[in-house]
Amino acid sequence: MGEGISDYTKFCIDLRRHMWMAGVEMELRRLIWQIAVTGKYISAKIHESNRKLAGFKNMYGEEQLALDKSSDAILKNQLQFSGFVREYASEEQDRIIQIGQGQEKYFVTADPLDGSSLVDTNLAIGTIIGIHNGTMYGKGRETMVAALYITYGPLITMVYSAGKGTHEFVLNREGEYVLSQENIRLREKGDIYSLGGLRRDWTPGHLRFVTDLEAAGYKLRYSGGFVPDINQVLIKNGGVFTYPALRKSPQGKLRLLFELLPMAFLIEQAGGEATDGIRRILDIPVEEIGQRSPIYIGSRYEVEMARRYLEEVEK
Ligand code: F6P
């Protein structure tokens with residue numbers, strides 16, 4: 001695998017073959033494959049809801065809720081019959097669900113439909129998955145064995161890592177996920193920035209960080225959907241996404257277990273970095289499922305730059 005794959009050959013490599021060639025362990029391969037397949041069902045639900053929404057804007061809130069719930073149900077059902085998953089934690093559930101018999105090794109976390117409030121605007125949305133071995137509590141660096149996300153945009157893509165690099169697949173018209181980019185690598189320094197939170201709520205160190213990025217000519221890229229925003233940094237091979245600590249919410253907005261750990265895993269596997277400003281996301285112990293954390297994620301240069309500013313200005 002790697003450098004030698006020609007453009008022609010790579011479109012013949014589907015997800016299952018890629019994982020097998022990359023030496024991903026059999027149970028993990030099957031599990032990732034099954035989750036990728038749920039992406040097709042979730043995407044079908046999104047299409048259905050868009051038909052219902054057309055012309056009925058006032059139904060939007062209800063439809064969004066129904067979409068979140070049905071995406072969660074699709075994932076849970078699929079995982080229940082996999083035989084490899086002991087527990088399932090979802091952003092849509094307030095507790096962890098035991099779905100296996102008790103001896104399975106994998107624990108799966110899901111944000112089944114992140115950014116679903118963007119459905120009516122027809123912007124991309126996504127599914128985020130983390131796969132842990134033995135437990136989902138503790139440091140992600142010690143428990144995580146794989147992560148993936150699926151984007152529902154003009155095309156459906158899937159990006160996974162099982163600890164052997166980060167790879168992108170595109171769902172083709174025949175319904176197969178075919179390799180589009182193997183071993184995606186982030187540049188040391190990028191030229192785009194994507195940032196959440198209101199400027200008036202930012203802390204002084206963060207404000208200085210953003211002001212300096214702007215002065216250096218970084219281009220703003222923010223859709224309000226975590227999956228497409230991270231995907232842009234990854235696929236453009238550099239840049240930074242941040243949802244910082246805010247004055248009123250020092251832990252920021254995004255959730256550690258469901259959103260941040262899987263993305264940190266994928267970005268580190270692509271040679272980038274992910275911190276809460278100071279600590280690596282993968283080194284922050286998960287103590288409860290709803291835990292939030294600020295995040296700086298992307299190319300090393302910008303993430304390190306944020307660390308310096310937060311340390312200097314906020315100490
Ligand atoms: O966690 C949900 C989410 O919609 C993310 O997908 C996104 O990055 C963030 O919230 C957007 O937040 P805001 O609306 O504050 O910019």
# chains A, B, ... in the order shown; residues from 1 in each chain; ligands from 1
$ closest_atom_pairs --of "chain A" --to "ligand 1" --cutoff "6 Å" --atoms "only C-alpha atoms and all ligand atoms" --output "CSV"
residue,atom,partner,partner_atom_place_in_ligand_line,distance
A:Asp114,CA,ligand 1,6 (O),5.1
A:Gly115,CA,ligand 1,4 (O),4.1
A:Gly196,CA,ligand 1,16 (O),4.6
A:Gly197,CA,ligand 1,15 (O),5.3
A:Gly224,CA,ligand 1,11 (C),4.3
A:Gly225,CA,ligand 1,6 (O),3.8
A:Phe226,CA,ligand 1,8 (O),3.6
A:Leu254,CA,ligand 1,1 (O),5.3
$ write_last_selection --atoms "all heavy atoms" --output "PDB file, in the first residue's frame"
ATOM      1  N   ASP A 114     -24.236  14.746  13.220  1.00  0.00           N
ATOM      2  CA  ASP A 114     -23.725  16.026  13.710  1.00  0.00           C
ATOM      3  C   ASP A 114     -24.080  17.143  12.730  1.00  0.00           C
ATOM      4  O   ASP A 114     -23.986  16.964  11.517  1.00  0.00           O
ATOM      5  CB  ASP A 114     -22.200  15.928  13.856  1.00  0.00           C
ATOM      6  CG  ASP A 114     -21.623  17.167  14.488  1.00  0.00           C
ATOM      7  OD1 ASP A 114     -21.669  17.270  15.716  1.00  0.00           O
ATOM      8  OD2 ASP A 114     -21.160  18.054  13.740  1.00  0.00           O
ATOM      9  N   GLY A 115     -24.519  18.278  13.278  1.00  0.00           N
ATOM     10  CA  GLY A 115     -24.836  19.430  12.421  1.00  0.00           C
ATOM     11  C   GLY A 115     -26.182  19.296  11.735  1.00  0.00           C
ATOM     12  O   GLY A 115     -26.426  19.918  10.705  1.00  0.00           O
ATOM     13  N   GLY A 196     -15.323  28.699  15.971  1.00  0.00           N
ATOM     14  CA  GLY A 196     -16.644  28.831  16.565  1.00  0.00           C
ATOM     15  C   GLY A 196     -16.632  29.784  17.747  1.00  0.00           C
ATOM     16  O   GLY A 196     -15.575  30.208  18.212  1.00  0.00           O
ATOM     17  N   GLY A 197     -17.828  30.120  18.237  1.00  0.00           N
ATOM     18  CA  GLY A 197     -17.951  31.010  19.401  1.00  0.00           C
ATOM     19  C   GLY A 197     -17.978  32.466  18.970  1.00  0.00           C
ATOM     20  O   GLY A 197     -17.479  32.808  17.900  1.00  0.00           O
ATOM     21  N   GLY A 224     -20.245  25.796  10.263  1.00  0.00           N
ATOM     22  CA  GLY A 224     -21.099  25.517  11.417  1.00  0.00           C
ATOM     23  C   GLY A 224     -21.386  24.028  11.551  1.00  0.00           C
ATOM     24  O   GLY A 224     -22.145  23.618  12.417  1.00  0.00           O
ATOM     25  N   GLY A 225     -20.782  23.219  10.709  1.00  0.00           N
ATOM     26  CA  GLY A 225     -20.887  21.743  10.813  1.00  0.00           C
ATOM     27  C   GLY A 225     -19.486  21.230  11.121  1.00  0.00           C
ATOM     28  O   GLY A 225     -18.556  21.446  10.343  1.00  0.00           O
ATOM     29  N   PHE A 226     -19.343  20.541  12.243  1.00  0.00           N
ATOM     30  CA  PHE A 226     -18.011  20.109  12.668  1.00  0.00           C
ATOM     31  C   PHE A 226     -17.379  19.160  11.637  1.00  0.00           C
ATOM     32  O   PHE A 226     -16.199  19.267  11.330  1.00  0.00           O
ATOM     33  CB  PHE A 226     -18.146  19.428  14.040  1.00  0.00           C
ATOM     34  CG  PHE A 226     -16.856  19.116  14.723  1.00  0.00           C
ATOM     35  CD1 PHE A 226     -15.831  20.049  14.805  1.00  0.00           C
ATOM     36  CD2 PHE A 226     -16.655  17.878  15.326  1.00  0.00           C
ATOM     37  CE1 PHE A 226     -14.636  19.761  15.459  1.00  0.00           C
ATOM     38  CE2 PHE A 226     -15.470  17.580  15.986  1.00  0.00           C
ATOM     39  CZ  PHE A 226     -14.465  18.512  16.053  1.00  0.00           C
ATOM     40  N   LEU A 254     -18.045  21.763  22.315  1.00  0.00           N
ATOM     41  CA  LEU A 254     -18.052  20.431  21.692  1.00  0.00           C
ATOM     42  C   LEU A 254     -17.726  19.317  22.690  1.00  0.00           C
ATOM     43  O   LEU A 254     -17.032  19.527  23.686  1.00  0.00           O
ATOM     44  CB  LEU A 254     -17.087  20.413  20.504  1.00  0.00           C
ATOM     45  CG  LEU A 254     -17.389  21.486  19.447  1.00  0.00           C
ATOM     46  CD1 LEU A 254     -16.397  21.415  18.304  1.00  0.00           C
ATOM     47  CD2 LEU A 254     -18.818  21.347  18.918  1.00  0.00           C
TER      48      LEU A 254
END
$ residues_around --residues "segment 163-165 of chain A" --least-positions-apart "6" --cutoff "7 Å" --atoms "only C-alpha atoms" --output "compact mmCIF listing (two decimals) with C-alpha atoms, in the first residue's frame"
# COMPACT_ATOMS: atom_id res chain seq x y z
CA VAL A 145 -8.29 1.77 18.22
CA ALA A 146 -10.12 3.48 15.36
CA ASN A 183 -2.41 8.32 3.90
CA GLN A 269 -2.88 9.91 12.27
CA ALA A 270 -2.58 12.45 9.44
$ closest_residue --among "A:Glu302, A:Val286, A:Ser249, A:Ile125" --to "Tyr193 of chain A" --atoms "only C-alpha atoms"
A:Glu302
$ residues_around --residues "Thr203 of chain A" --least-positions-apart "4" --cutoff "10 Å" --atoms "only C-alpha atoms" --output "list in words"
Arg199, Leu207, Arg208, Pro244, Ala245, Leu246, Arg247, Pro250, Leu310, Val313 and Glu314 of chain A
$ closest_residue --among "A:Val85, A:Ile284, A:Ile131, A:Ile74" --to "Ile42 of chain A" --atoms "only C-alpha atoms"
A:Ile74
$ atom_distance --atom1 "atom CA of Gly277 of chain A" --atom2 "atom CA of Ile295 of chain A"
6.5 Å
$ closest_residue --among "A:Arg173, A:Lys45, A:His167, A:Lys69" --to "Pro112 of chain A" --atoms "only C-alpha atoms"
A:Lys69
$ residues_around --residues "segment 176-181 of chain A" --least-positions-apart "5" --cutoff "8 Å" --atoms "only C-alpha atoms" --output "PyMOL selection string"
chain A and resi 10-15+18+157-158+167-171
$ write_last_selection --atoms "N, CA and C atoms" --output "CSV table (one decimal), in the first residue's frame"
chain,number,residue,atom,x,y,z
A,10,LYS,N,-6.4,2.8,-7.7
A,10,LYS,CA,-7.0,3.1,-6.4
A,10,LYS,C,-8.5,3.1,-6.5
A,11,PHE,N,-9.1,3.4,-7.6
A,11,PHE,CA,-10.5,3.4,-7.7
A,11,PHE,C,-11.1,2.0,-7.7
A,12,CYS,N,-10.2,1.0,-7.8
A,12,CYS,CA,-10.6,-0.4,-7.7
A,12,CYS,C,-10.5,-0.9,-6.3
A,13,ILE,N,-10.0,-0.1,-5.4
A,13,ILE,CA,-9.8,-0.6,-4.0
A,13,ILE,C,-10.9,-0.2,-3.1
A,14,ASP,N,-11.7,-1.1,-2.7
A,14,ASP,CA,-12.8,-0.7,-1.9
A,14,ASP,C,-12.4,-0.8,-0.4
A,15,LEU,N,-13.3,-0.3,0.5
A,15,LEU,CA,-12.9,-0.2,1.9
A,15,LEU,C,-12.5,-1.5,2.5
A,18,HIS,N,-9.1,-2.4,1.3
A,18,HIS,CA,-8.1,-1.5,1.8
A,18,HIS,C,-7.7,-1.9,3.2
A,157,THR,N,-18.7,10.8,1.6
A,157,THR,CA,-17.4,10.3,1.7
A,157,THR,C,-17.2,9.7,3.1
A,158,MET,N,-16.2,8.9,3.3
A,158,MET,CA,-15.9,8.2,4.6
A,158,MET,C,-14.4,8.3,4.8
A,167,HIS,N,-7.4,7.7,5.9
A,167,HIS,CA,-7.7,7.4,4.4
A,167,HIS,C,-9.1,7.9,4.1
A,168,GLU,N,-9.3,8.3,2.9
A,168,GLU,CA,-10.6,8.8,2.5
A,168,GLU,C,-11.2,7.9,1.4
A,169,PHE,N,-12.5,7.6,1.5
A,169,PHE,CA,-13.2,6.8,0.5
A,169,PHE,C,-14.4,7.6,0.0
A,170,VAL,N,-14.8,7.3,-1.2
A,170,VAL,CA,-16.0,8.0,-1.8
A,170,VAL,C,-17.0,6.9,-2.1
A,171,LEU,N,-18.3,7.1,-1.8
A,171,LEU,CA,-19.3,6.1,-2.1
A,171,LEU,C,-19.7,6.3,-3.6
$ closest_residue --among "A:Tyr41, A:Tyr152, A:Tyr301, A:Phe81" --to "Val240 of chain A" --atoms "only C-alpha atoms"
A:Tyr301
$ residues_around --residues "Gln232 of chain A" --least-positions-apart "6" --cutoff "9 Å" --atoms "only C-alpha atoms" --output "CSV table (one decimal) with C-alpha atoms, in the first residue's frame"
chain,number,residue,atom,x,y,z
A,221,ARG,CA,-13.7,28.7,6.4
A,238,GLY,CA,-3.7,22.0,6.5
A,239,GLY,CA,-5.1,24.8,8.6
$ atom_distance --atom1 "atom CA of Ile129 of chain A" --atom2 "atom CA of Ile97 of chain A"
15.2 Å
$ atom_distance --atom1 "atom CA of Met263 of chain A" --atom2 "atom CA of Gly175 of chain A"
25.1 Å
$ select_by_dssp --residues "segment 198-259 of chain A" --states "helix (DSSP H, G or I)" --output "list in words"
Arg199, Arg200, Asp201, Pro204, Gly205, His206, Leu207, Arg208, Phe209, Val210, Thr211, Asp212, Leu213, Glu214, Ala215, Phe226, Val227, Pro228, Asp229, Ile230, Asn231, Gln232, Val233, Leu234, Ile235, Leu256, Leu257, Phe258 and Glu259 of chain A
